[in-house]
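This is model-v3.txt (compact mmCIF, C-alpha atoms and all ligand atoms).
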# COMPACT_ATOMS: atom_id res chain seq x y z
CA MET G 1 -11.01 -145.55 -39.33
CA ARG G 2 -10.08 -142.93 -41.90
CA GLU G 3 -7.28 -145.08 -43.31
CA LEU G 4 -9.45 -148.18 -43.30
CA ILE G 5 -12.23 -146.47 -45.24
CA THR G 6 -9.80 -145.03 -47.81
CA LYS G 7 -8.01 -148.34 -48.25
CA SER G 8 -11.20 -150.25 -48.71
CA PHE G 9 -12.54 -147.65 -51.20
CA LEU G 10 -9.33 -147.93 -53.26
CA GLU G 11 -9.57 -151.71 -53.23
CA ILE G 12 -13.19 -151.86 -54.32
CA PHE G 13 -13.49 -148.88 -56.65
CA ALA G 14 -9.88 -148.23 -57.71
CA GLN G 15 -9.92 -144.43 -57.55
CA GLU G 16 -9.07 -141.72 -55.00
CA PRO G 17 -12.08 -140.79 -52.87
CA ILE G 18 -13.16 -137.63 -51.10
CA LEU G 19 -13.56 -138.20 -47.35
CA ALA G 20 -16.31 -136.95 -45.08
CA PHE G 21 -17.16 -137.46 -41.42
CA ALA G 22 -20.29 -136.97 -39.33
CA PRO G 23 -20.52 -137.48 -35.56
CA GLY G 24 -23.12 -138.92 -33.24
CA ARG G 25 -24.59 -136.71 -30.54
CA ILE G 26 -25.33 -136.52 -26.85
CA ASN G 27 -27.94 -134.33 -25.23
CA LEU G 28 -27.07 -132.60 -21.96
CA ILE G 29 -30.69 -131.75 -21.18
CA GLY G 30 -33.95 -130.89 -22.96
CA GLU G 31 -35.63 -134.14 -23.88
CA HIS G 32 -38.85 -134.45 -25.90
CA THR G 33 -39.05 -130.72 -26.40
CA ASP G 34 -37.67 -130.32 -29.92
CA TYR G 35 -40.89 -131.33 -31.69
CA GLN G 36 -42.77 -128.69 -29.68
CA GLU G 37 -40.45 -125.96 -30.94
CA GLY G 38 -38.77 -125.90 -27.55
CA PHE G 39 -35.16 -125.85 -26.39
CA VAL G 40 -32.54 -128.61 -26.34
CA PHE G 41 -28.88 -128.72 -25.38
CA PRO G 42 -27.01 -131.29 -27.47
CA ALA G 43 -23.36 -131.66 -28.46
CA ALA G 44 -21.67 -133.68 -31.16
CA VAL G 45 -19.24 -136.37 -29.96
CA ALA G 46 -15.96 -137.73 -31.29
CA GLN G 47 -17.54 -141.05 -32.29
CA GLY G 48 -19.10 -141.02 -35.72
CA ILE G 49 -19.18 -142.32 -39.27
CA TRP G 50 -16.55 -141.84 -42.00
CA PHE G 51 -17.39 -141.81 -45.69
CA ALA G 52 -15.23 -142.27 -48.79
CA ILE G 53 -17.06 -141.17 -51.91
CA GLN G 54 -16.37 -140.51 -55.60
CA LYS G 55 -18.37 -139.95 -58.81
CA ASN G 56 -18.62 -142.95 -61.12
CA LYS G 57 -20.05 -141.34 -64.29
CA SER G 58 -23.05 -143.67 -64.37
CA ASN G 59 -26.56 -143.76 -62.98
CA SER G 60 -25.75 -146.58 -60.69
CA THR G 61 -24.83 -145.87 -57.09
CA ARG G 62 -22.75 -148.53 -55.39
CA ILE G 63 -22.34 -148.59 -51.65
CA HIS G 64 -20.32 -150.76 -49.35
CA SER G 65 -20.98 -150.76 -45.61
CA LEU G 66 -17.89 -151.84 -43.69
CA ASP G 67 -19.82 -152.41 -40.48
CA PHE G 68 -22.43 -154.66 -42.07
CA ASN G 69 -19.93 -156.03 -44.60
CA GLU G 70 -22.66 -155.64 -47.17
CA ASP G 71 -23.11 -154.04 -50.61
CA PHE G 72 -26.08 -152.15 -51.91
CA VAL G 73 -26.67 -150.86 -55.44
CA PHE G 74 -29.40 -148.52 -56.62
CA ASP G 75 -30.25 -146.56 -59.74
CA VAL G 76 -29.90 -142.92 -58.82
CA LYS G 77 -32.56 -141.93 -61.40
CA SER G 78 -35.19 -144.31 -60.07
CA PHE G 79 -35.29 -145.97 -56.67
CA SER G 80 -37.56 -146.33 -53.68
CA PRO G 81 -36.38 -146.26 -50.06
CA ARG G 82 -36.95 -149.50 -48.12
CA LYS G 83 -37.76 -149.21 -44.45
CA GLY G 84 -35.50 -151.00 -42.03
CA HIS G 85 -32.43 -151.28 -44.30
CA TRP G 86 -29.34 -149.10 -43.69
CA ALA G 87 -29.37 -148.04 -47.35
CA ASN G 88 -32.72 -146.42 -46.70
CA TYR G 89 -30.97 -143.50 -44.97
CA ILE G 90 -28.76 -142.97 -48.01
CA MET G 91 -31.62 -143.19 -50.51
CA GLY G 92 -33.65 -140.93 -48.22
CA ILE G 93 -31.06 -138.15 -48.46
CA VAL G 94 -30.58 -138.58 -52.22
CA SER G 95 -34.32 -138.40 -52.61
CA GLN G 96 -34.54 -135.19 -50.51
CA PHE G 97 -31.72 -133.62 -52.52
CA LYS G 98 -33.42 -134.47 -55.81
CA GLN G 99 -36.72 -133.04 -54.64
CA ALA G 100 -34.90 -129.84 -53.74
CA GLY G 101 -33.56 -129.67 -57.31
CA TYR G 102 -29.98 -130.94 -56.85
CA GLU G 103 -28.83 -133.11 -59.74
CA VAL G 104 -27.30 -136.08 -57.94
CA GLU G 105 -25.46 -138.40 -60.34
CA GLY G 106 -24.11 -141.90 -59.76
CA PHE G 107 -21.46 -142.27 -57.05
CA ASP G 108 -19.54 -144.96 -55.24
CA MET G 109 -19.23 -144.94 -51.48
CA VAL G 110 -17.70 -146.88 -48.60
CA PHE G 111 -18.63 -146.00 -45.05
CA GLY G 112 -18.10 -147.24 -41.53
CA GLY G 113 -17.98 -145.91 -38.01
CA ASN G 114 -17.48 -146.39 -34.32
CA ILE G 115 -20.82 -145.41 -32.80
CA PRO G 116 -21.95 -148.27 -30.56
CA VAL G 117 -25.10 -149.72 -32.14
CA GLY G 118 -28.34 -149.01 -30.28
CA SER G 119 -26.59 -146.72 -27.82
CA GLY G 120 -28.83 -143.74 -28.48
CA LEU G 121 -25.95 -141.66 -29.85
CA SER G 122 -28.03 -141.24 -32.97
CA SER G 123 -26.08 -143.16 -35.56
CA SER G 124 -28.99 -142.59 -37.94
CA ALA G 125 -28.51 -138.81 -37.80
CA ALA G 126 -24.76 -139.27 -38.28
CA LEU G 127 -25.43 -141.46 -41.32
CA SER G 128 -27.93 -139.07 -42.90
CA VAL G 129 -25.97 -135.90 -42.19
CA GLY G 130 -22.73 -137.60 -43.27
CA VAL G 131 -24.18 -138.79 -46.57
CA GLY G 132 -25.55 -135.29 -47.14
CA THR G 133 -22.18 -133.69 -46.36
CA ALA G 134 -20.34 -136.17 -48.60
CA ILE G 135 -22.68 -135.76 -51.59
CA SER G 136 -22.85 -131.98 -51.21
CA GLY G 137 -19.04 -131.87 -51.16
CA LEU G 138 -18.65 -134.28 -54.06
CA PHE G 139 -20.95 -132.40 -56.43
CA ASN G 140 -20.11 -128.91 -55.09
CA PHE G 141 -23.70 -128.26 -54.05
CA ASN G 142 -22.57 -126.20 -51.01
CA ILE G 143 -25.73 -127.07 -49.13
CA PRO G 144 -25.96 -125.11 -45.84
CA LYS G 145 -25.73 -127.15 -42.64
CA LYS G 146 -29.21 -126.17 -41.57
CA SER G 147 -30.68 -127.56 -44.79
CA LEU G 148 -28.67 -130.77 -44.37
CA ALA G 149 -30.17 -131.17 -40.91
CA LEU G 150 -33.68 -130.51 -42.19
CA TYR G 151 -33.28 -133.01 -45.07
CA ALA G 152 -32.04 -135.62 -42.61
CA GLN G 153 -35.01 -135.04 -40.32
CA LYS G 154 -37.47 -135.22 -43.21
CA SER G 155 -35.86 -138.37 -44.54
CA GLU G 156 -36.16 -140.12 -41.16
CA GLN G 157 -39.79 -139.04 -40.87
CA LEU G 158 -40.80 -140.05 -44.39
CA TYR G 159 -38.86 -143.25 -44.87
CA GLU G 160 -38.37 -144.62 -41.34
CA GLY G 161 -41.71 -143.48 -39.98
CA LEU G 162 -40.23 -141.82 -36.89
CA ASN G 163 -41.81 -138.43 -36.40
CA CYS G 164 -38.58 -137.08 -34.90
CA GLY G 165 -37.49 -133.52 -34.16
CA ILE G 166 -34.51 -131.56 -35.45
CA MET G 167 -32.14 -132.10 -32.52
CA ASP G 168 -30.10 -135.11 -33.66
CA PRO G 169 -29.16 -134.08 -37.22
CA TYR G 170 -28.73 -130.46 -36.13
CA ALA G 171 -26.21 -131.47 -33.46
CA SER G 172 -24.37 -133.75 -35.88
CA ALA G 173 -24.14 -130.93 -38.43
CA PHE G 174 -23.30 -127.97 -36.15
CA GLY G 175 -21.32 -129.54 -33.28
CA LYS G 176 -18.31 -127.65 -31.99
CA ALA G 177 -15.39 -129.01 -29.94
CA ASP G 178 -15.72 -128.30 -26.19
CA HIS G 179 -19.12 -126.68 -26.67
CA ALA G 180 -22.76 -127.68 -26.44
CA LEU G 181 -25.45 -126.09 -28.58
CA LEU G 182 -28.30 -124.34 -26.85
CA LEU G 183 -30.71 -124.86 -29.71
CA ASP G 184 -33.99 -123.07 -30.21
CA CYS G 185 -36.14 -125.49 -32.19
CA ARG G 186 -38.54 -122.75 -33.31
CA THR G 187 -36.00 -120.62 -35.14
CA ASN G 188 -33.52 -123.48 -35.65
CA THR G 189 -30.69 -121.32 -34.42
CA HIS G 190 -28.29 -121.98 -31.58
CA GLU G 191 -25.89 -120.47 -29.14
CA GLU G 192 -22.58 -122.24 -28.48
CA ILE G 193 -21.96 -122.67 -24.76
CA PRO G 194 -18.43 -123.65 -23.65
CA ILE G 195 -18.39 -126.87 -21.65
CA THR G 196 -15.66 -126.69 -19.04
CA LEU G 197 -15.90 -129.64 -16.71
CA GLY G 198 -12.61 -129.41 -14.77
CA GLN G 199 -12.19 -132.58 -12.77
CA TYR G 200 -15.52 -133.96 -14.01
CA SER G 201 -16.40 -135.98 -17.14
CA LEU G 202 -19.43 -137.07 -19.09
CA LEU G 203 -19.94 -140.80 -19.27
CA LEU G 204 -22.78 -142.71 -20.89
CA VAL G 205 -24.05 -145.99 -19.55
CA ASN G 206 -25.78 -148.09 -22.16
CA THR G 207 -28.68 -150.21 -20.86
CA LYS G 208 -28.25 -152.34 -24.00
CA VAL G 209 -32.01 -152.63 -24.30
CA LYS G 210 -34.42 -151.06 -26.73
CA HIS G 211 -37.99 -151.87 -25.84
CA LYS G 212 -40.18 -152.91 -28.70
CA LEU G 213 -42.72 -150.14 -28.81
CA ALA G 214 -40.13 -147.36 -28.54
CA ASP G 215 -40.84 -145.83 -31.95
CA SER G 216 -44.61 -146.03 -31.75
CA ALA G 217 -44.56 -144.63 -28.19
CA TYR G 218 -42.40 -141.76 -29.45
CA ASN G 219 -44.92 -140.90 -32.14
CA LYS G 220 -47.73 -141.22 -29.59
CA ARG G 221 -46.10 -138.77 -27.18
CA ARG G 222 -45.69 -136.31 -30.00
CA SER G 223 -49.37 -136.66 -30.93
CA ALA G 224 -50.36 -136.17 -27.29
CA CYS G 225 -48.54 -132.83 -27.29
CA GLU G 226 -50.27 -131.84 -30.51
CA GLU G 227 -53.63 -132.75 -29.03
CA SER G 228 -52.91 -130.57 -25.99
CA VAL G 229 -52.01 -127.67 -28.24
CA GLU G 230 -55.25 -128.09 -30.14
CA ILE G 231 -57.30 -128.03 -26.95
CA LEU G 232 -55.36 -125.14 -25.43
CA SER G 233 -55.50 -123.02 -28.57
CA GLN G 234 -59.29 -122.78 -28.29
CA LYS G 235 -58.73 -120.71 -25.19
CA PHE G 236 -55.40 -119.16 -26.23
CA PRO G 237 -55.59 -118.64 -30.00
CA GLU G 238 -52.15 -117.02 -30.10
CA ILE G 239 -50.26 -120.16 -29.03
CA LYS G 240 -48.64 -122.42 -31.60
CA THR G 241 -46.89 -125.06 -29.49
CA LEU G 242 -46.25 -125.89 -25.83
CA ARG G 243 -43.16 -123.72 -26.15
CA ASP G 244 -45.47 -120.72 -25.82
CA PHE G 245 -46.27 -121.54 -22.18
CA SER G 246 -44.11 -120.96 -19.13
CA GLU G 247 -44.11 -122.16 -15.54
CA LYS G 248 -46.57 -119.49 -14.41
CA ASP G 249 -49.15 -120.77 -16.94
CA LEU G 250 -49.25 -124.27 -15.42
CA PRO G 251 -52.37 -123.70 -13.23
CA LYS G 252 -54.31 -122.48 -16.30
CA VAL G 253 -53.06 -125.34 -18.45
CA LYS G 254 -54.00 -127.78 -15.70
CA SER G 255 -57.52 -126.46 -15.48
CA ILE G 256 -58.08 -126.99 -19.21
CA LEU G 257 -56.34 -130.27 -20.10
CA PRO G 258 -57.39 -133.79 -19.10
CA ARG G 259 -55.02 -135.21 -16.45
CA GLU G 260 -53.18 -137.56 -18.78
CA LEU G 261 -52.38 -134.78 -21.26
CA PHE G 262 -51.52 -132.30 -18.53
CA SER G 263 -48.67 -134.37 -17.10
CA LYS G 264 -47.13 -134.63 -20.58
CA ALA G 265 -47.54 -130.91 -21.26
CA LYS G 266 -46.08 -130.10 -17.87
CA HIS G 267 -42.96 -132.07 -18.69
CA VAL G 268 -42.42 -130.17 -21.92
CA ILE G 269 -43.06 -126.75 -20.36
CA LEU G 270 -40.75 -127.31 -17.38
CA GLU G 271 -38.08 -129.08 -19.42
CA ASP G 272 -37.77 -125.97 -21.61
CA LEU G 273 -37.18 -123.97 -18.45
CA ARG G 274 -34.57 -126.49 -17.26
CA VAL G 275 -32.65 -126.08 -20.52
CA HIS G 276 -32.32 -122.34 -19.90
CA GLN G 277 -31.31 -122.93 -16.29
CA ALA G 278 -28.75 -125.51 -17.42
CA GLY G 279 -27.37 -123.01 -19.94
CA GLU G 280 -26.93 -120.47 -17.15
CA SER G 281 -25.35 -123.04 -14.81
CA LEU G 282 -22.83 -124.19 -17.38
CA ARG G 283 -22.00 -120.65 -18.40
CA HIS G 284 -21.04 -119.99 -14.79
CA GLY G 285 -19.40 -123.34 -14.14
CA GLU G 286 -22.09 -124.33 -11.62
CA LEU G 287 -21.86 -128.05 -12.14
CA VAL G 288 -23.70 -129.03 -8.96
CA LYS G 289 -26.72 -127.02 -10.06
CA PHE G 290 -26.52 -128.57 -13.52
CA GLY G 291 -26.44 -132.04 -11.95
CA GLU G 292 -29.62 -131.26 -10.00
CA LEU G 293 -31.33 -130.22 -13.22
CA MET G 294 -30.31 -133.50 -14.83
CA LYS G 295 -32.00 -135.39 -12.01
CA ALA G 296 -35.15 -133.29 -12.24
CA SER G 297 -35.24 -133.93 -15.98
CA HIS G 298 -35.03 -137.68 -15.47
CA GLU G 299 -37.77 -137.70 -12.85
CA SER G 300 -40.03 -135.72 -15.13
CA LEU G 301 -39.33 -137.96 -18.13
CA SER G 302 -39.94 -141.04 -16.05
CA LYS G 303 -43.00 -140.02 -14.01
CA ASP G 304 -44.76 -137.38 -16.09
CA TYR G 305 -43.74 -138.05 -19.66
CA GLU G 306 -43.46 -141.81 -19.16
CA VAL G 307 -40.69 -142.56 -21.63
CA SER G 308 -38.24 -144.22 -19.25
CA CYS G 309 -38.04 -147.92 -18.41
CA ALA G 310 -36.91 -150.09 -15.50
CA GLU G 311 -33.33 -150.32 -16.80
CA LEU G 312 -32.91 -146.55 -17.26
CA ASP G 313 -34.51 -145.77 -13.89
CA PHE G 314 -32.24 -148.29 -12.22
CA LEU G 315 -29.08 -146.80 -13.73
CA ALA G 316 -30.08 -143.23 -12.92
CA GLU G 317 -30.95 -144.16 -9.33
CA GLU G 318 -27.66 -146.05 -8.89
CA SER G 319 -25.80 -142.92 -10.00
CA TRP G 320 -27.75 -140.57 -7.74
CA LYS G 321 -26.63 -142.64 -4.74
CA LYS G 322 -22.96 -141.86 -5.38
CA SER G 323 -21.52 -138.69 -3.89
CA TYR G 324 -19.02 -138.30 -6.74
CA VAL G 325 -21.75 -138.29 -9.41
CA LEU G 326 -23.17 -134.79 -9.86
CA GLY G 327 -26.01 -135.76 -12.17
CA SER G 328 -27.56 -138.56 -14.15
CA ARG G 329 -30.55 -138.94 -16.43
CA MET G 330 -31.89 -140.91 -19.36
CA MET G 331 -30.86 -139.48 -22.71
CA GLY G 332 -32.71 -139.39 -26.03
CA GLY G 333 -36.08 -140.85 -26.96
CA GLY G 334 -36.24 -143.32 -24.06
CA PHE G 335 -37.40 -146.94 -23.56
CA GLY G 336 -33.76 -148.00 -23.61
CA GLY G 337 -30.48 -146.54 -24.82
CA CYS G 338 -28.20 -144.69 -22.41
CA THR G 339 -28.09 -142.62 -19.30
CA ILE G 340 -25.77 -139.62 -19.34
CA ASN G 341 -23.75 -139.04 -16.19
CA LEU G 342 -21.60 -136.21 -14.91
CA LEU G 343 -19.04 -137.56 -12.49
CA GLU G 344 -15.55 -137.14 -11.06
CA THR G 345 -13.08 -138.33 -13.67
CA GLU G 346 -10.86 -140.02 -11.11
CA ARG G 347 -13.67 -142.19 -9.83
CA ILE G 348 -14.74 -143.53 -13.24
CA PRO G 349 -13.08 -146.94 -12.73
CA GLU G 350 -14.83 -147.34 -9.36
CA PHE G 351 -18.13 -146.22 -10.90
CA LYS G 352 -17.83 -148.73 -13.71
CA ARG G 353 -17.14 -151.59 -11.33
CA SER G 354 -20.01 -150.73 -9.04
CA VAL G 355 -22.59 -150.14 -11.78
CA SER G 356 -21.53 -153.24 -13.74
CA THR G 357 -22.06 -155.44 -10.71
CA SER G 358 -25.41 -154.05 -9.67
CA TYR G 359 -26.84 -153.83 -13.21
CA LEU G 360 -25.73 -157.34 -13.99
CA GLN G 361 -27.35 -158.56 -10.82
CA ALA G 362 -30.62 -156.75 -11.50
CA PHE G 363 -31.02 -157.40 -15.24
CA ASN G 364 -28.47 -160.04 -16.13
CA ILE G 365 -26.94 -157.65 -18.66
CA GLU G 366 -23.41 -156.30 -18.73
CA PRO G 367 -23.81 -152.53 -19.26
CA GLU G 368 -21.58 -150.68 -21.70
CA PHE G 369 -19.71 -147.48 -20.76
CA ILE G 370 -19.07 -144.85 -23.38
CA GLU G 371 -16.81 -141.87 -22.75
CA VAL G 372 -17.99 -138.79 -24.60
CA LYS G 373 -16.59 -135.34 -25.22
CA PRO G 374 -18.21 -132.43 -27.07
CA SER G 375 -16.60 -132.41 -30.51
CA ASP G 376 -16.79 -130.88 -33.97
CA GLY G 377 -19.69 -131.49 -36.33
CA ALA G 378 -19.92 -132.97 -39.85
CA ARG G 379 -17.25 -132.01 -42.36
CA ILE G 380 -15.36 -132.87 -45.50
CA VAL G 381 -12.07 -134.29 -44.28
CA LYS G 382 -10.13 -134.31 -47.52
C1 LIG Z 401 -35.00 -138.74 -30.38
C2 LIG Z 401 -35.45 -137.80 -31.52
C3 LIG Z 401 -35.13 -136.35 -31.19
C4 LIG Z 401 -35.69 -135.97 -29.81
C5 LIG Z 401 -35.30 -137.01 -28.77
C6 LIG Z 401 -35.97 -136.76 -27.45
O1 LIG Z 401 -33.61 -138.72 -30.26
O2 LIG Z 401 -34.79 -138.16 -32.72
O3 LIG Z 401 -35.66 -135.51 -32.19
O4 LIG Z 401 -37.07 -135.78 -29.86
O5 LIG Z 401 -35.61 -138.32 -29.18
O6 LIG Z 401 -35.52 -135.59 -26.89
Just give me the structure as structure tokens.
Ligand code: GLA
Amino acid sequence: MRELITKSFLEIFAQEPILAFAPGRINLIGEHTDYQEGFVFPAAVAQGIWFAIQKNKSNSTRIHSLDFNEDFVFDVKSFSPRKGHWANYIMGIVSQFKQAGYEVEGFDMVFGGNIPVGSGLSSSAALSVGVGTAISGLFNFNIPKKSLALYAQKSEQLYEGLNCGIMDPYASAFGKADHALLLDCRTNTHEEIPITLGQYSLLLVNTKVKHKLADSAYNKRRSACEESVEILSQKFPEIKTLRDFSEKDLPKVKSILPRELFSKAKHVILEDLRVHQAGESLRHGELVKFGELMKASHESLSKDYEVSCAELDFLAEESWKKSYVLGSRMMGGGFGGCTINLLETERIPEFKRSVSTSYLQAFNIEPEFIEVKPSDGARIVK
């Protein structure tokens, strides 16, 4: 990929580029907690997006996307992001940089990657964080990783209308090989936990569906949490988010919130707890325990938080039936995308055969399998 990007940059723009890379991410556990200042447990993966970039001494920014085989040009002094176009993510970051006072000048860029589209590996975070890393490197802005992650989050919220949390860009920026990041989304700081899986591996199964209302449902769930906090804070003025409650508070929370809101709040409160338990399990190599937590997370996301779908439930249930799978759950925002599975490496071929057949039978879709490994975060390559 690296060679391809460089070659294509040289062909189109006839000068030596700087290279940058930003990865996609997985999340081991801790779903729909980041926007309530809770805890998540993501890792960057080896799959990602490569960027070749160079200044062009003009106000015009010229971009070529290898994957879309498409060009896009915009005036760096005056432009407006357009929702739904890939260039929106690039303009979004430039716009955030400019608002923060960085003098971005015209540049040329070629980019392309190997993150399966729609897989839920967060190619949008990889794109935003990668563009940020590339521009920061090109103009020597030295922007800290945490700021890059925050600009990426803001850009997605403002220009794509998804009221997302910090997890995806943070993981893309801070990832570390063979580690997952136990991230506190209140302080935006993390602890690196070594991931030693021995004879086990992480494997994603892509449902290859994304249900239509996914983004609006995401924003709705977030609003439901905010509504709960508003109601609860009348009784508990010191609380800021659902993060401030723990398991022992559930009876009180239940007595105050309407049923519908309570089940959502319960998910967030217990999921935060599961992240800590998962951190402990992985620190001590207790993979069976971790697998049980994955299952509990899925059940909670499906039944209480209601962000799963028939395809994700089916895949998780298929995995739970197999003795050599330690854990399985939906990953990411929900309503499609992938399940993440922890299973015996040796039995992966057998797993693939079995799941392909049953998923095809049930939904008439061939699932996609994606092998993932905790890897390093965004960086300038050359
Ligand atoms: C999406 C969002 C993240 C996070 C997850 C759910 O990936 O971008 O911020 O909320 O959903 O855990």
Query - Spatial neighbours of Arg2 of chain G, 9 Å, all atoms listed in the file, chain gap at least 2 places, as a ChimeraX atom specification - result: /G:4-7,19,21,50-52
C-alpha atoms of the current selection, written as a PDB file, keeping the file's coordinate frame:
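Final output, saved to selection_5.pdb:
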ATOM      1  CA  LEU G   4      -9.450-148.180 -43.300  1.00  0.00           C
ATOM      2  CA  ILE G   5     -12.230-146.470 -45.240  1.00  0.00           C
ATOM      3  CA  THR G   6      -9.800-145.030 -47.810  1.00  0.00           C
ATOM      4  CA  LYS G   7      -8.010-148.340 -48.250  1.00  0.00           C
ATOM      5  CA  LEU G  19     -13.560-138.200 -47.350  1.00  0.00           C
ATOM      6  CA  PHE G  21     -17.160-137.460 -41.420  1.00  0.00           C
ATOM      7  CA  TRP G  50     -16.550-141.840 -42.000  1.00  0.00           C
ATOM      8  CA  PHE G  51     -17.390-141.810 -45.690  1.00  0.00           C
ATOM      9  CA  ALA G  52     -15.230-142.270 -48.790  1.00  0.00           C
TER      10      ALA G  52
END
**Report entry** Residue among G:His64, G:Lys248, G:Lys55, G:Lys154 lying closest to ligand LIG 401 (chain Z), counting all atoms listed in the file
**Finding:**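 Using all atoms listed in the file, the shortest distance to ligand LIG 401 (chain Z) belongs to G:Lys154.
For the pair atom CA of Ala180 of chain G and atom CA of Ile49 of chain G, the interatomic distance is 19.8 Å.
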**Report entry** Nearest to Gly334 of chain G by atom-to-atom distance, counting only C-alpha atoms, from G:Asp215, G:Glu299, G:Asp376, G:Glu368
**Finding:**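 Answer, going by the shortest atom-to-atom distance: G:Asp215.
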Query - Sphere at (-23.0, -136.9, -37.5), radius 12 Å, counting all atoms listed in the file: residues as a PyMOL selection string - result: chain G and resi 20-26+43-51+113-115+121-134+145+148-149+152+167-176+375-380
Residues as selected, C-alpha atoms, written as a PDB file, in the coordinates of the input, can you do that?
ATOM      1  CA  ALA G  20     -16.310-136.950 -45.080  1.00  0.00           C
ATOM      2  CA  PHE G  21     -17.160-137.460 -41.420  1.00  0.00           C
ATOM      3  CA  ALA G  22     -20.290-136.970 -39.330  1.00  0.00           C
ATOM      4  CA  PRO G  23     -20.520-137.480 -35.560  1.00  0.00           C
ATOM      5  CA  GLY G  24     -23.120-138.920 -33.240  1.00  0.00           C
ATOM      6  CA  ARG G  25     -24.590-136.710 -30.540  1.00  0.00           C
ATOM      7  CA  ILE G  26     -25.330-136.520 -26.850  1.00  0.00           C
ATOM      8  CA  ALA G  43     -23.360-131.660 -28.460  1.00  0.00           C
ATOM      9  CA  ALA G  44     -21.670-133.680 -31.160  1.00  0.00           C
ATOM     10  CA  VAL G  45     -19.240-136.370 -29.960  1.00  0.00           C
ATOM     11  CA  ALA G  46     -15.960-137.730 -31.290  1.00  0.00           C
ATOM     12  CA  GLN G  47     -17.540-141.050 -32.290  1.00  0.00           C
ATOM     13  CA  GLY G  48     -19.100-141.020 -35.720  1.00  0.00           C
ATOM     14  CA  ILE G  49     -19.180-142.320 -39.270  1.00  0.00           C
ATOM     15  CA  TRP G  50     -16.550-141.840 -42.000  1.00  0.00           C
ATOM     16  CA  PHE G  51     -17.390-141.810 -45.690  1.00  0.00           C
ATOM     17  CA  GLY G 113     -17.980-145.910 -38.010  1.00  0.00           C
ATOM     18  CA  ASN G 114     -17.480-146.390 -34.320  1.00  0.00           C
ATOM     19  CA  ILE G 115     -20.820-145.410 -32.800  1.00  0.00           C
ATOM     20  CA  LEU G 121     -25.950-141.660 -29.850  1.00  0.00           C
ATOM     21  CA  SER G 122     -28.030-141.240 -32.970  1.00  0.00           C
ATOM     22  CA  SER G 123     -26.080-143.160 -35.560  1.00  0.00           C
ATOM     23  CA  SER G 124     -28.990-142.590 -37.940  1.00  0.00           C
ATOM     24  CA  ALA G 125     -28.510-138.810 -37.800  1.00  0.00           C
ATOM     25  CA  ALA G 126     -24.760-139.270 -38.280  1.00  0.00           C
ATOM     26  CA  LEU G 127     -25.430-141.460 -41.320  1.00  0.00           C
ATOM     27  CA  SER G 128     -27.930-139.070 -42.900  1.00  0.00           C
ATOM     28  CA  VAL G 129     -25.970-135.900 -42.190  1.00  0.00           C
ATOM     29  CA  GLY G 130     -22.730-137.600 -43.270  1.00  0.00           C
ATOM     30  CA  VAL G 131     -24.180-138.790 -46.570  1.00  0.00           C
ATOM     31  CA  GLY G 132     -25.550-135.290 -47.140  1.00  0.00           C
ATOM     32  CA  THR G 133     -22.180-133.690 -46.360  1.00  0.00           C
ATOM     33  CA  ALA G 134     -20.340-136.170 -48.600  1.00  0.00           C
ATOM     34  CA  LYS G 145     -25.730-127.150 -42.640  1.00  0.00           C
ATOM     35  CA  LEU G 148     -28.670-130.770 -44.370  1.00  0.00           C
ATOM     36  CA  ALA G 149     -30.170-131.170 -40.910  1.00  0.00           C
ATOM     37  CA  ALA G 152     -32.040-135.620 -42.610  1.00  0.00           C
ATOM     38  CA  MET G 167     -32.140-132.100 -32.520  1.00  0.00           C
ATOM     39  CA  ASP G 168     -30.100-135.110 -33.660  1.00  0.00           C
ATOM     40  CA  PRO G 169     -29.160-134.080 -37.220  1.00  0.00           C
ATOM     41  CA  TYR G 170     -28.730-130.460 -36.130  1.00  0.00           C
ATOM     42  CA  ALA G 171     -26.210-131.470 -33.460  1.00  0.00           C
ATOM     43  CA  SER G 172     -24.370-133.750 -35.880  1.00  0.00           C
ATOM     44  CA  ALA G 173     -24.140-130.930 -38.430  1.00  0.00           C
ATOM     45  CA  PHE G 174     -23.300-127.970 -36.150  1.00  0.00           C
ATOM     46  CA  GLY G 175     -21.320-129.540 -33.280  1.00  0.00           C
ATOM     47  CA  LYS G 176     -18.310-127.650 -31.990  1.00  0.00           C
ATOM     48  CA  SER G 375     -16.600-132.410 -30.510  1.00  0.00           C
ATOM     49  CA  ASP G 376     -16.790-130.880 -33.970  1.00  0.00           C
ATOM     50  CA  GLY G 377     -19.690-131.490 -36.330  1.00  0.00           C
ATOM     51  CA  ALA G 378     -19.920-132.970 -39.850  1.00  0.00           C
ATOM     52  CA  ARG G 379     -17.250-132.010 -42.360  1.00  0.00           C
ATOM     53  CA  ILE G 380     -15.360-132.870 -45.500  1.00  0.00           C
TER      54      ILE G 380
END
Requested in this report: List all protein, DNA and RNA residues that have an atom no more than 7 Å from any atom of ligand LIG 401 (chain Z), counting only C-alpha atoms and all ligand atoms, and report them as an MDAnalysis selection string.
Outcome: chainID G and resid 30:35 122 164:168 332:333
Query raised in the report: For Asp249 of chain G, which residue out of G:Lys266, G:Met91, G:Gln234, G:Ser297 is the nearest one, using only C-alpha atoms?
Result: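 Answer, going by the shortest atom-to-atom distance: G:Lys266.
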**Report entry** Using all atoms listed in the file: which of G:Tyr89, G:Phe139, G:Phe262, G:Phe97 has the shortest distance to Tyr159 of chain G
**Finding:**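 Among the listed residues, the smallest separation from Tyr159 of chain G belongs to G:Tyr89.
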Query - Residue nearest Asn188 of chain G - candidates G:Gln99, G:Thr357, G:Ser147, G:Ser223, atoms counted: all atoms listed in the file - result: G:Ser147
Query - Which residue of G:Pro258, G:Gly327, G:Gly84, G:Gly120 approaches Tyr200 of chain G most closely, using only C-alpha atoms - result: G:Gly327
